[in-house]
$ cat coords_19.pdb   # PDB, C-alpha atoms
ATOM      1  CA  MET A1318      -4.230 -22.269  -2.540
ATOM      2  CA  ILE A1319      -3.540 -18.526  -2.214
ATOM      3  CA  VAL A1320      -4.030 -16.756   1.133
ATOM      4  CA  ILE A1321      -4.973 -13.071   0.995
ATOM      5  CA  THR A1322      -4.482 -10.830   4.013
ATOM      6  CA  ALA A1323      -6.285  -7.483   4.444
ATOM      7  CA  PRO A1324      -8.971  -8.448   1.877
ATOM      8  CA  THR A1325     -11.137  -5.395   2.630
ATOM      9  CA  SER A1326      -8.296  -2.861   2.192
ATOM     10  CA  ASN A1327      -7.948  -0.827  -1.023
ATOM     11  CA  ILE A1328      -5.241  -3.090  -2.401
ATOM     12  CA  GLY A1329      -6.600  -6.311  -0.920
ATOM     13  CA  SER A1330     -10.116  -5.817  -2.259
ATOM     14  CA  HIS A1331      -8.802  -4.991  -5.746
ATOM     15  CA  LEU A1332      -6.589  -8.082  -5.615
ATOM     16  CA  LEU A1333      -9.371 -10.344  -4.410
ATOM     17  CA  HIS A1334     -11.661  -9.349  -7.268
ATOM     18  CA  LEU A1335      -8.842  -9.773  -9.805
ATOM     19  CA  LEU A1336      -8.068 -13.261  -8.518
ATOM     20  CA  LEU A1337     -11.726 -14.240  -8.479
ATOM     21  CA  ASP A1338     -12.053 -13.097 -12.096
ATOM     22  CA  GLU A1339      -8.813 -14.748 -13.222
ATOM     23  CA  ASN A1340      -9.527 -17.877 -11.231
ATOM     24  CA  SER A1341     -12.857 -18.603 -12.946
ATOM     25  CA  THR A1342     -11.040 -20.988 -15.279
ATOM     26  CA  ARG A1343      -8.232 -21.998 -12.906
ATOM     27  CA  THR A1344      -7.946 -24.457 -10.040
ATOM     28  CA  GLU A1345      -6.514 -22.103  -7.387
ATOM     29  CA  GLU A1346      -8.420 -22.022  -4.116
ATOM     30  CA  LEU A1347      -8.607 -18.656  -2.354
ATOM     31  CA  ARG A1348      -8.527 -18.137   1.403
ATOM     32  CA  VAL A1349      -8.780 -14.785   3.175
ATOM     33  CA  ILE A1350      -7.974 -13.644   6.700
ATOM     34  CA  ALA A1351     -10.501 -11.067   7.883
ATOM     35  CA  ARG A1352     -11.202  -9.526  11.276
ATOM     36  CA  ASP A1353     -14.808  -8.930  10.241
ATOM     37  CA  PRO A1354     -15.933 -11.262   7.444
ATOM     38  CA  ALA A1355     -19.235  -9.355   7.226
ATOM     39  CA  LYS A1356     -17.337  -6.539   5.502
ATOM     40  CA  LEU A1357     -16.764  -8.855   2.550
ATOM     41  CA  PRO A1358     -19.560  -8.907  -0.044
ATOM     42  CA  ALA A1359     -21.753 -11.992   0.263
ATOM     43  CA  ALA A1360     -20.880 -13.029  -3.300
ATOM     44  CA  VAL A1361     -17.188 -12.989  -2.358
ATOM     45  CA  ARG A1362     -17.687 -14.932   0.884
ATOM     46  CA  ALA A1363     -19.448 -17.627  -1.109
ATOM     47  CA  ARG A1364     -16.359 -18.192  -3.264
ATOM     48  CA  VAL A1365     -13.530 -18.069  -0.716
ATOM     49  CA  ASP A1366     -12.504 -19.830   2.467
ATOM     50  CA  VAL A1367     -12.594 -17.326   5.348
ATOM     51  CA  VAL A1368     -10.377 -17.436   8.437
ATOM     52  CA  THR A1369     -11.638 -14.964  11.034
ATOM     53  CA  GLY A1370      -9.146 -12.915  13.022
ATOM     54  CA  SER A1371      -6.014 -10.799  12.722
ATOM     55  CA  HIS A1372      -3.135 -11.925  10.545
ATOM     56  CA  GLY A1373      -0.846 -10.664  13.305
ATOM     57  CA  ASP A1374      -2.170 -13.448  15.556
ATOM     58  CA  ALA A1375       0.018 -16.567  15.525
ATOM     59  CA  GLU A1376      -2.839 -19.085  15.772
ATOM     60  CA  VAL A1377      -4.883 -17.325  13.070
ATOM     61  CA  VAL A1378      -2.077 -16.988  10.557
ATOM     62  CA  ASP A1379      -0.884 -20.553  11.157
ATOM     63  CA  ARG A1380      -4.406 -21.860  10.533
ATOM     64  CA  ALA A1381      -4.676 -19.780   7.358
ATOM     65  CA  CYS A1382      -1.359 -21.044   6.014
ATOM     66  CA  THR A1383      -2.197 -24.716   6.534
ATOM     67  CA  GLY A1384      -2.331 -26.362   3.115
ATOM     68  CA  ALA A1385      -1.578 -23.102   1.281
ATOM     69  CA  ASP A1386       0.979 -22.507  -1.457
ATOM     70  CA  ALA A1387       1.235 -18.706  -1.614
ATOM     71  CA  VAL A1388       0.422 -15.677   0.547
ATOM     72  CA  PHE A1389      -0.318 -12.036  -0.167
ATOM     73  CA  TRP A1390       1.049 -10.040   2.771
ATOM     74  CA  LEU A1391      -0.153  -6.547   3.647
ATOM     75  CA  ILE A1392       0.424  -4.811   6.985
ATOM     76  CA  PRO A1393      -2.615  -2.871   8.251
ATOM     77  CA  PRO A1394      -1.816   0.657   9.468
ATOM     78  CA  ASN A1395      -1.635   0.931  13.245
ATOM     79  CA  PRO A1396      -1.528   4.603  14.238
ATOM     80  CA  ARG A1397      -1.411   3.693  17.939
ATOM     81  CA  ALA A1398       1.554   1.318  17.658
ATOM     82  CA  PRO A1399       4.154   1.973  20.382
ATOM     83  CA  SER A1400       6.970   1.629  17.837
ATOM     84  CA  LEU A1401       7.419   1.093  14.116
ATOM     85  CA  ASP A1402       9.167  -2.180  14.870
ATOM     86  CA  ALA A1403       5.991  -3.339  16.611
ATOM     87  CA  ALA A1404       3.849  -2.176  13.693
ATOM     88  CA  PHE A1405       5.892  -3.928  11.019
ATOM     89  CA  THR A1406       8.453  -6.560  12.060
ATOM     90  CA  GLU A1407       6.829  -7.785  15.259
ATOM     91  CA  PHE A1408       3.411  -7.915  13.596
ATOM     92  CA  THR A1409       4.951 -10.041  10.815
ATOM     93  CA  ARG A1410       7.006 -12.375  13.006
ATOM     94  CA  PRO A1411       4.193 -14.915  13.653
ATOM     95  CA  ALA A1412       3.519 -15.079   9.909
ATOM     96  CA  ALA A1413       7.200 -15.635   9.138
ATOM     97  CA  LYS A1414       7.149 -18.646  11.470
ATOM     98  CA  ALA A1415       3.929 -19.901   9.869
ATOM     99  CA  PHE A1416       5.418 -19.610   6.374
ATOM    100  CA  THR A1417       8.258 -21.922   7.415
ATOM    101  CA  ALA A1418       6.153 -24.336   9.465
ATOM    102  CA  ASN A1419       3.611 -24.795   6.669
ATOM    103  CA  GLY A1420       6.012 -24.939   3.747
ATOM    104  CA  ILE A1421       4.657 -21.830   2.013
ATOM    105  CA  GLY A1422       6.400 -21.570  -1.343
ATOM    106  CA  HIS A1423       5.772 -17.955  -2.374
ATOM    107  CA  VAL A1424       4.914 -14.672  -0.640
ATOM    108  CA  VAL A1425       4.102 -11.329  -2.259
ATOM    109  CA  GLY A1426       4.234  -8.336   0.089
ATOM    110  CA  VAL A1427       3.343  -4.658  -0.098
ATOM    111  CA  SER A1428       6.437  -2.605   0.689
ATOM    112  CA  ALA A1429       8.197   0.568  -0.424
ATOM    113  CA  LEU A1430      10.836   2.061  -2.642
ATOM    114  CA  GLY A1431      14.129   3.229  -1.183
ATOM    115  CA  ARG A1432      16.327   0.189  -0.580
ATOM    116  CA  GLY A1433      19.974   1.102  -1.151
ATOM    117  CA  THR A1434      19.425   4.869  -1.093
ATOM    118  CA  PRO A1435      21.422   7.086   1.306
ATOM    119  CA  VAL A1436      18.247   7.901   3.269
ATOM    120  CA  ALA A1437      16.839   4.361   3.536
ATOM    121  CA  ALA A1438      18.008   3.919   7.127
ATOM    122  CA  HIS A1439      16.291   7.119   8.275
ATOM    123  CA  ALA A1440      12.972   6.932   6.422
ATOM    124  CA  GLY A1441      10.519   6.061   9.180
ATOM    125  CA  HIS A1442       7.778   3.769   7.914
ATOM    126  CA  VAL A1443       9.817   2.847   4.845
ATOM    127  CA  THR A1444      12.793   1.781   6.966
ATOM    128  CA  ALA A1445      10.456  -0.410   9.015
ATOM    129  CA  SER A1446       8.875  -1.848   5.867
ATOM    130  CA  LEU A1447      12.276  -2.795   4.442
ATOM    131  CA  ALA A1448      13.133  -4.532   7.723
ATOM    132  CA  MET A1449       9.872  -6.471   7.414
ATOM    133  CA  ASP A1450      10.952  -7.562   3.915
ATOM    134  CA  ASP A1451      14.272  -8.786   5.310
ATOM    135  CA  LEU A1452      12.462 -10.823   7.959
ATOM    136  CA  ILE A1453      10.249 -12.544   5.378
ATOM    137  CA  ALA A1454      13.116 -13.119   2.942
ATOM    138  CA  GLY A1455      15.176 -14.575   5.798
ATOM    139  CA  THR A1456      12.735 -17.481   6.134
ATOM    140  CA  GLY A1457      13.917 -18.812   2.762
ATOM    141  CA  VAL A1458      10.492 -18.462   1.142
ATOM    142  CA  ALA A1459      10.443 -17.100  -2.412
ATOM    143  CA  TYR A1460       9.515 -13.462  -1.775
ATOM    144  CA  ARG A1461       8.633 -10.506  -3.969
ATOM    145  CA  ALA A1462       8.295  -7.122  -2.288
ATOM    146  CA  LEU A1463       6.142  -4.694  -4.245
ATOM    147  CA  ALA A1464       8.254  -1.535  -3.954
ATOM    148  CA  ASN A1465       5.831   1.370  -4.048
ATOM    149  CA  PRO A1466       5.997   5.164  -3.898
ATOM    150  CA  SER A1467       3.175   7.202  -2.330
ATOM    151  CA  PHE A1468      -0.343   6.066  -3.245
ATOM    152  CA  MET A1469      -2.672   8.264  -5.296
ATOM    153  CA  ASP A1470      -5.522   6.816  -3.235
ATOM    154  CA  ASN A1471      -4.215   8.449  -0.053
ATOM    155  CA  LEU A1472      -5.703  11.706  -1.337
ATOM    156  CA  LEU A1473      -9.174  10.283  -0.732
ATOM    157  CA  ARG A1474      -8.539  10.959   2.967
ATOM    158  CA  GLN A1475      -8.727  14.673   2.089
ATOM    159  CA  VAL A1476     -11.898  14.595  -0.008
ATOM    160  CA  VAL A1477     -13.791  16.931   2.321
ATOM    161  CA  SER A1478     -11.040  19.559   2.250
ATOM    162  CA  ILE A1479     -10.673  19.253  -1.524
ATOM    163  CA  ARG A1480     -14.431  19.568  -2.018
ATOM    164  CA  ASP A1481     -15.160  22.307   0.508
ATOM    165  CA  ASN A1482     -11.947  24.346   0.512
ATOM    166  CA  GLY A1483     -10.147  23.447  -2.717
ATOM    167  CA  VAL A1484      -7.071  22.501  -0.665
ATOM    168  CA  PHE A1485      -5.013  19.406   0.052
ATOM    169  CA  THR A1486      -2.061  19.384   2.414
ATOM    170  CA  ASP A1487       1.172  17.544   3.122
ATOM    171  CA  ILE A1488       4.618  18.404   4.456
ATOM    172  CA  VAL A1489       6.608  17.702   1.262
ATOM    173  CA  ASP A1490       8.247  20.235  -1.073
ATOM    174  CA  PRO A1491       5.538  21.480  -3.473
ATOM    175  CA  ASP A1492       7.890  21.321  -6.475
ATOM    176  CA  HIS A1493       9.631  17.997  -5.845
ATOM    177  CA  LYS A1494       8.687  15.532  -8.600
ATOM    178  CA  ALA A1495       8.339  11.888  -7.622
ATOM    179  CA  PRO A1496       6.464   8.780  -8.747
ATOM    180  CA  THR A1497       2.993   8.022  -7.456
ATOM    181  CA  THR A1498       0.944   4.898  -8.028
ATOM    182  CA  ALA A1499      -2.663   3.713  -7.937
ATOM    183  CA  THR A1500      -3.641   0.874  -5.607
ATOM    184  CA  CYS A1501      -5.398  -0.930  -8.477
ATOM    185  CA  ASP A1502      -2.025  -1.206 -10.245
ATOM    186  CA  ILE A1503      -0.354  -2.564  -7.110
ATOM    187  CA  ALA A1504      -3.076  -5.188  -6.903
ATOM    188  CA  ALA A1505      -2.582  -6.097 -10.565
ATOM    189  CA  ALA A1506       1.152  -6.576 -10.011
ATOM    190  CA  ALA A1507       0.420  -8.798  -7.018
ATOM    191  CA  ALA A1508      -2.107 -10.856  -8.968
ATOM    192  CA  GLY A1509       0.377 -11.504 -11.755
ATOM    193  CA  LEU A1510       3.002 -12.748  -9.317
ATOM    194  CA  LEU A1511       0.581 -14.912  -7.342
ATOM    195  CA  LEU A1512      -0.843 -16.616 -10.410
ATOM    196  CA  ASP A1513       2.518 -17.250 -12.116
ATOM    197  CA  ARG A1514       4.782 -18.529  -9.363
ATOM    198  CA  SER A1515       7.750 -19.429 -11.546
ATOM    199  CA  TRP A1516      10.013 -16.983  -9.670
ATOM    200  CA  THR A1517      12.430 -17.861  -6.895
ATOM    201  CA  GLY A1518      14.516 -16.121  -4.255
ATOM    202  CA  PHE A1519      14.062 -12.579  -3.011
ATOM    203  CA  GLY A1520      13.449  -9.565  -5.234
ATOM    204  CA  GLU A1521      11.724  -6.207  -5.399
ATOM    205  CA  VAL A1522       9.102  -5.311  -7.993
ATOM    206  CA  PRO A1523       8.786  -1.520  -8.368
ATOM    207  CA  VAL A1524       5.326  -0.151  -9.216
ATOM    208  CA  LEU A1525       6.178   3.399 -10.272
ATOM    209  CA  GLY A1526       3.156   4.715 -12.113
ATOM    210  CA  PRO A1527       3.641   6.275 -15.563
ATOM    211  CA  GLU A1528       5.144   9.670 -14.579
ATOM    212  CA  ASP A1529       6.800  11.759 -11.886
ATOM    213  CA  LEU A1530       4.654  14.588 -10.516
ATOM    214  CA  SER A1531       5.044  17.273  -7.863
ATOM    215  CA  SER A1532       2.341  18.279  -5.399
ATOM    216  CA  ASN A1533       1.773  21.387  -7.506
ATOM    217  CA  ASP A1534       1.348  19.133 -10.555
ATOM    218  CA  LEU A1535      -1.234  17.096  -8.647
ATOM    219  CA  ALA A1536      -3.132  20.284  -7.785
ATOM    220  CA  ARG A1537      -3.163  21.394 -11.439
ATOM    221  CA  ILE A1538      -4.482  18.038 -12.654
ATOM    222  CA  MET A1539      -7.113  17.880  -9.924
ATOM    223  CA  SER A1540      -8.260  21.379 -10.881
ATOM    224  CA  ASP A1541      -8.600  20.325 -14.523
ATOM    225  CA  VAL A1542     -10.546  17.157 -13.748
ATOM    226  CA  LEU A1543     -12.808  18.637 -11.076
ATOM    227  CA  GLY A1544     -13.424  21.875 -12.971
ATOM    228  CA  ARG A1545     -12.652  23.949  -9.894
ATOM    229  CA  PRO A1546      -9.451  25.407  -8.379
ATOM    230  CA  VAL A1547      -7.484  23.069  -6.138
ATOM    231  CA  ARG A1548      -4.219  24.109  -4.530
ATOM    232  CA  TYR A1549      -1.530  22.392  -2.507
ATOM    233  CA  GLU A1550      -0.790  23.854   0.900
ATOM    234  CA  ARG A1551       2.456  22.832   2.573
ATOM    235  CA  GLN A1552       1.817  22.143   6.236
ATOM    236  CA  SER A1553       4.446  22.810   8.874
ATOM    237  CA  VAL A1554       5.831  19.756  10.645
ATOM    238  CA  ASP A1555       4.577  21.111  13.976
ATOM    239  CA  ASP A1556       1.031  21.543  12.639
ATOM    240  CA  PHE A1557       1.153  18.073  11.080
ATOM    241  CA  ARG A1558       2.317  16.542  14.362
ATOM    242  CA  ALA A1559      -0.387  18.335  16.323
ATOM    243  CA  ALA A1560      -3.136  17.218  13.929
ATOM    244  CA  ALA A1561      -1.985  13.577  13.792
ATOM    245  CA  THR A1562      -1.540  13.389  17.553
ATOM    246  CA  GLY A1563      -4.994  14.902  17.979
ATOM    247  CA  TYR A1564      -6.436  11.957  16.055
ATOM    248  CA  GLY A1565      -4.844   9.596  18.563
ATOM    249  CA  SER A1566      -1.690   8.581  16.671
ATOM    250  CA  SER A1567       1.316   7.574  18.761
ATOM    251  CA  ASP A1568       4.490   9.656  18.767
ATOM    252  CA  ALA A1569       6.358   6.790  17.101
ATOM    253  CA  PHE A1570       3.810   6.566  14.295
ATOM    254  CA  VAL A1571       3.810  10.334  13.662
ATOM    255  CA  THR A1572       7.602  10.636  13.830
ATOM    256  CA  GLY A1573       7.829   7.776  11.332
ATOM    257  CA  LEU A1574       5.556   9.646   8.916
ATOM    258  CA  VAL A1575       7.599  12.846   9.248
ATOM    259  CA  ASP A1576      10.873  10.981   8.705
ATOM    260  CA  MET A1577       9.410   9.176   5.685
ATOM    261  CA  MET A1578       8.188  12.374   4.015
ATOM    262  CA  ARG A1579      11.510  14.128   4.642
ATOM    263  CA  ALA A1580      13.276  11.160   3.072
ATOM    264  CA  LYS A1581      10.982  11.369   0.044
ATOM    265  CA  ASP A1582      11.982  15.020  -0.385
ATOM    266  CA  ASP A1583      15.600  13.818  -0.260
ATOM    267  CA  GLY A1584      15.069  11.396  -3.147
ATOM    268  CA  LEU A1585      13.910   8.196  -1.446
ATOM    269  CA  ASP A1586      11.495   7.375  -4.303
ATOM    270  CA  ASN A1587      13.643   8.677  -7.167
ATOM    271  CA  ASP A1588      16.348   6.028  -7.333
ATOM    272  CA  VAL A1589      14.626   3.454  -9.578
ATOM    273  CA  GLU A1590      14.543   4.018 -13.338
ATOM    274  CA  ARG A1591      11.133   3.919 -14.947
ATOM    275  CA  THR A1592      11.055   1.230 -17.641
ATOM    276  CA  PRO A1593       8.247  -0.782 -19.242
ATOM    277  CA  GLU A1594       8.796  -3.314 -16.434
ATOM    278  CA  THR A1595       8.764  -0.850 -13.519
ATOM    279  CA  ALA A1596       6.066   1.545 -14.777
ATOM    280  CA  SER A1597       2.397   0.935 -14.038
ATOM    281  CA  PRO A1598      -0.381   2.145 -16.337
ATOM    282  CA  THR A1599      -2.807   4.339 -14.392
ATOM    283  CA  THR A1600      -2.081   8.059 -14.792
ATOM    284  CA  PHE A1601      -2.978  10.489 -12.044
ATOM    285  CA  ARG A1602      -5.483  12.146 -14.370
ATOM    286  CA  GLU A1603      -7.191   8.786 -14.990
ATOM    287  CA  TRP A1604      -7.246   8.081 -11.265
ATOM    288  CA  CYS A1605      -8.829  11.473 -10.603
ATOM    289  CA  GLU A1606     -11.563  10.751 -13.147
ATOM    290  CA  VAL A1607     -12.310   7.277 -11.808
ATOM    291  CA  ALA A1608     -11.769   7.678  -8.041
ATOM    292  CA  LEU A1609     -11.425  11.284  -6.881
ATOM    293  CA  LYS A1610     -14.110  12.989  -8.955
ATOM    294  CA  PRO A1611     -16.917  10.598  -7.930
ATOM    295  CA  ALA A1612     -15.841  10.903  -4.289
ATOM    296  CA  VAL A1613     -15.877  14.729  -4.434
ATOM    297  CA  GLN A1614     -19.266  14.770  -6.147
ATOM    298  CA  ARG A1615     -20.846  12.255  -3.779
TER
END
$ encode --input "coords_19.pdb" --output "structure tokens"
Amino acid sequence: MIVITAPTSNIGSHLLHLLLDENSTRTEELRVIARDPAKLPAAVRARVDVVTGSHGDAEVVDRACTGADAVFWLIPPNPRAPSLDAAFTEFTRPAAKAFTANGIGHVVGVSALGRGTPVAAHAGHVTASLAMDDLIAGTGVAYRALANPSFMDNLLRQVVSIRDNGVFTDIVDPDHKAPTTATCDIAAAAAGLLLDRSWTGFGEVPVLGPEDLSSNDLARIMSDVLGRPVRYERQSVDDFRAAATGYGSSDAFVTGLVDMMRAKDDGLDNDVERTPETASPTTFREWCEVALKPAVQR
């Protein structure tokens, strides 16, 4: 049995559909933990075991792990978290205990690039994510951390601005080239690991995408695909803080984002060599055609 957390998230929903497709001729049972099972399509609910609740809740995660062999672990974003430790490590602690108590053999988690880099200890959300990995690995379970750069899909949060103003914003250097990856490729990497559990110990699996691109490169490709000018506008840290705080995000959450993006400018995501094993297939242009363009035209 495979347990899937965050099954309605971008990555979790991709993964769930991949496993349902792959599992049509296999004997794996699938179980999901969902706060609101109604958000799952009826056809999916009919084929999986559903545990209702938060996977940060000790009773819920222990119940979900009973009789299971493997777990897909994904932390939900918590913009109101009082600290990054609370958002990552403390949220994961009940699950770490459940993994041990229930004899879980394998866990695949969504994490980040940057381990071993000079800025890893000062990278906000990434630093917290790496600490979460250490907590899970410390249980002795076989663990693979999917080490990701920034997600292409995060740009969907700015669809209105891209459509109406031809602008997307961030606080990173407009000319700094770095990897970026599509959530569908992260899900595919997770599916492969969950279905072939021949691996042992702790390791990271980078999912780098096929190329390094700057924010200006992203703007050029978006312009080509959408057939209209799109530009990148670098936001000041003060303006970013004010906007994020205005949406109700905690100071800890916002500071973690700022520290993470500064670390990315300082090479956090540039330390892993792209090889056939670390690259993932979806180009940014392909992602724009499949995901961004339909969203802008909707």
$ resolve_selection --input "coords_19.pdb" --expression "the PyMOL selection byres ((chain A and resi 1546) around 10)" --output "list in words"
Ile1479, Arg1480, Asn1482, Gly1483, Val1484, Ala1536, Arg1537, Ile1538, Met1539, Ser1540, Asp1541, Val1542, Leu1543, Gly1544, Arg1545, Val1547 and Arg1548 of chain A
$ atom_distance --input "coords_19.pdb" --atom1 "atom CA of A:Gln1552" --atom2 "atom CA of A:Asp1568"
17.9 Å
$ residues_around --input "coords_19.pdb" --residues "stretch 1388-1403 of chain A" --least-positions-apart "5" --cutoff "7 Å" --atoms "only C-alpha atoms" --output "ChimeraX atom specification"
/A:1319-1323,1408,1423-1427,1442,1445,1565-1567,1569-1570
$ write_last_selection --input "coords_19.pdb" --atoms "C-alpha atoms" --output "compact mmCIF listing (two decimals), in the coordinates of the input"
# COMPACT_ATOMS: atom_id res chain seq x y z
CA ILE A 1319 -3.54 -18.53 -2.21
CA VAL A 1320 -4.03 -16.76 1.13
CA ILE A 1321 -4.97 -13.07 1.00
CA THR A 1322 -4.48 -10.83 4.01
CA ALA A 1323 -6.28 -7.48 4.44
CA PHE A 1408 3.41 -7.92 13.60
CA HIS A 1423 5.77 -17.95 -2.37
CA VAL A 1424 4.91 -14.67 -0.64
CA VAL A 1425 4.10 -11.33 -2.26
CA GLY A 1426 4.23 -8.34 0.09
CA VAL A 1427 3.34 -4.66 -0.10
CA HIS A 1442 7.78 3.77 7.91
CA ALA A 1445 10.46 -0.41 9.02
CA GLY A 1565 -4.84 9.60 18.56
CA SER A 1566 -1.69 8.58 16.67
CA SER A 1567 1.32 7.57 18.76
CA ALA A 1569 6.36 6.79 17.10
CA PHE A 1570 3.81 6.57 14.30
$ resolve_selection --input "coords_19.pdb" --expression "the PyMOL selection byres ((chain A and resi 1366) around 12)" --output "number ranges by chain"
A: 1318-1321, 1324, 1345-1351, 1354, 1357, 1361-1365, 1367-1369, 1380-1382, 1385
$ atom_distance --input "coords_19.pdb" --atom1 "atom CA of A:Pro1358" --atom2 "atom CA of A:Ala1612"
20.6 Å
$ closest_residue --input "coords_19.pdb" --among "A:Glu1339, A:Asp1502, A:Asp1374, A:Asp1450" --to "A:Trp1604" --atoms "all atoms listed in the file"
A:Asp1502
$ atom_distance --input "coords_19.pdb" --atom1 "atom CA of A:Leu1472" --atom2 "atom CA of A:Ala1559"
19.6 Å
$ resolve_selection --input "coords_19.pdb" --expression "the PyMOL selection byres ((chain A and resi 1609) around 10)" --output "PDB file with C-alpha atoms, keeping the file's coordinate frame"
ATOM      1  CA  MET A1469      -2.672   8.264  -5.296  1.00  0.00           C
ATOM      2  CA  ASP A1470      -5.522   6.816  -3.235  1.00  0.00           C
ATOM      3  CA  LEU A1472      -5.703  11.706  -1.337  1.00  0.00           C
ATOM      4  CA  LEU A1473      -9.174  10.283  -0.732  1.00  0.00           C
ATOM      5  CA  GLN A1475      -8.727  14.673   2.089  1.00  0.00           C
ATOM      6  CA  VAL A1476     -11.898  14.595  -0.008  1.00  0.00           C
ATOM      7  CA  ILE A1479     -10.673  19.253  -1.524  1.00  0.00           C
ATOM      8  CA  MET A1539      -7.113  17.880  -9.924  1.00  0.00           C
ATOM      9  CA  VAL A1542     -10.546  17.157 -13.748  1.00  0.00           C
ATOM     10  CA  LEU A1543     -12.808  18.637 -11.076  1.00  0.00           C
ATOM     11  CA  PHE A1601      -2.978  10.489 -12.044  1.00  0.00           C
ATOM     12  CA  ARG A1602      -5.483  12.146 -14.370  1.00  0.00           C
ATOM     13  CA  GLU A1603      -7.191   8.786 -14.990  1.00  0.00           C
ATOM     14  CA  TRP A1604      -7.246   8.081 -11.265  1.00  0.00           C
ATOM     15  CA  CYS A1605      -8.829  11.473 -10.603  1.00  0.00           C
ATOM     16  CA  GLU A1606     -11.563  10.751 -13.147  1.00  0.00           C
ATOM     17  CA  VAL A1607     -12.310   7.277 -11.808  1.00  0.00           C
ATOM     18  CA  ALA A1608     -11.769   7.678  -8.041  1.00  0.00           C
ATOM     19  CA  LYS A1610     -14.110  12.989  -8.955  1.00  0.00           C
ATOM     20  CA  PRO A1611     -16.917  10.598  -7.930  1.00  0.00           C
ATOM     21  CA  ALA A1612     -15.841  10.903  -4.289  1.00  0.00           C
ATOM     22  CA  VAL A1613     -15.877  14.729  -4.434  1.00  0.00           C
ATOM     23  CA  GLN A1614     -19.266  14.770  -6.147  1.00  0.00           C
ATOM     24  CA  ARG A1615     -20.846  12.255  -3.779  1.00  0.00           C
TER      25      ARG A1615
END
$ residues_around --input "coords_19.pdb" --residues "A:Val1589" --least-positions-apart "3" --cutoff "9 Å" --atoms "all atoms listed in the file" --output "JSON, numbers by chain"
{"A": [1430, 1431, 1523, 1525, 1586, 1595]}
$ closest_residue --input "coords_19.pdb" --among "A:Thr1344, A:Thr1417, A:Ser1478, A:Ser1467" --to "A:Met1578" --atoms "all atoms listed in the file"
A:Ser1467
$ residues_around --input "coords_19.pdb" --residues "A:Thr1599" --least-positions-apart "6" --cutoff "10 Å" --atoms "all atoms listed in the file" --output "list of chain:residue names"
A:Met1469, A:Thr1497, A:Thr1498, A:Ala1499, A:Thr1500, A:Cys1501, A:Asp1502, A:Leu1525, A:Gly1526, A:Pro1527, A:Glu1528
$ closest_residue --input "coords_19.pdb" --among "A:Phe1468, A:Glu1594, A:Ser1532, A:Ala1508" --to "A:Asp1338" --atoms "all atoms listed in the file"
A:Ala1508
$ residues_around --input "coords_19.pdb" --residues "A:Ala1580" --least-positions-apart "4" --cutoff "6 Å" --atoms "all atoms listed in the file" --output "ChimeraX atom specification"
/A:1436,1440,1585
$ write_last_selection --input "coords_19.pdb" --atoms "C-alpha atoms" --output "PDB file, in the coordinates of the input"
ATOM      1  CA  VAL A1436      18.247   7.901   3.269  1.00  0.00           C
ATOM      2  CA  ALA A1440      12.972   6.932   6.422  1.00  0.00           C
ATOM      3  CA  LEU A1585      13.910   8.196  -1.446  1.00  0.00           C
TER       4      LEU A1585
END
$ closest_atom_pairs --input "coords_19.pdb" --of "stretch 1439-1480 of chain A" --to "stretch 1509-1522 of chain A" --cutoff "10 Å" --atoms "all atoms listed in the file" --output "CSV"
residue,atom,partner,partner_atom,distance
A:Asp1450,CA,A:Phe1519,CA,9.1
A:Asp1451,CA,A:Phe1519,CA,9.1
A:Ile1453,CA,A:Phe1519,CA,9.2
A:Ala1454,CA,A:Phe1519,CA,6.1
A:Gly1455,CA,A:Phe1519,CA,9.1
A:Gly1457,CA,A:Gly1518,CA,7.5
A:Val1458,CA,A:Gly1518,CA,7.1
A:Ala1459,CA,A:Gly1518,CA,4.6
A:Tyr1460,CA,A:Phe1519,CA,4.8
A:Arg1461,CA,A:Gly1520,CA,5.1
A:Ala1462,CA,A:Glu1521,CA,4.7
A:Leu1463,CA,A:Val1522,CA,4.8
A:Ala1464,CA,A:Val1522,CA,5.6
A:Asn1465,CA,A:Val1522,CA,8.4
$ closest_residue --input "coords_19.pdb" --among "A:Ala1505, A:Asp1556, A:Pro1598, A:Asp1588" --to "A:His1331" --atoms "only C-alpha atoms"
A:Ala1505
$ closest_residue --input "coords_19.pdb" --among "A:Ala1404, A:Asp1576, A:Ser1531, A:Ala1418" --to "A:Asp1379" --atoms "all atoms listed in the file"
A:Ala1418
$ closest_residue --input "coords_19.pdb" --among "A:Glu1550, A:Asp1555, A:Asp1481, A:Asp1582" --to "A:Pro1496" --atoms "all atoms listed in the file"
A:Asp1582
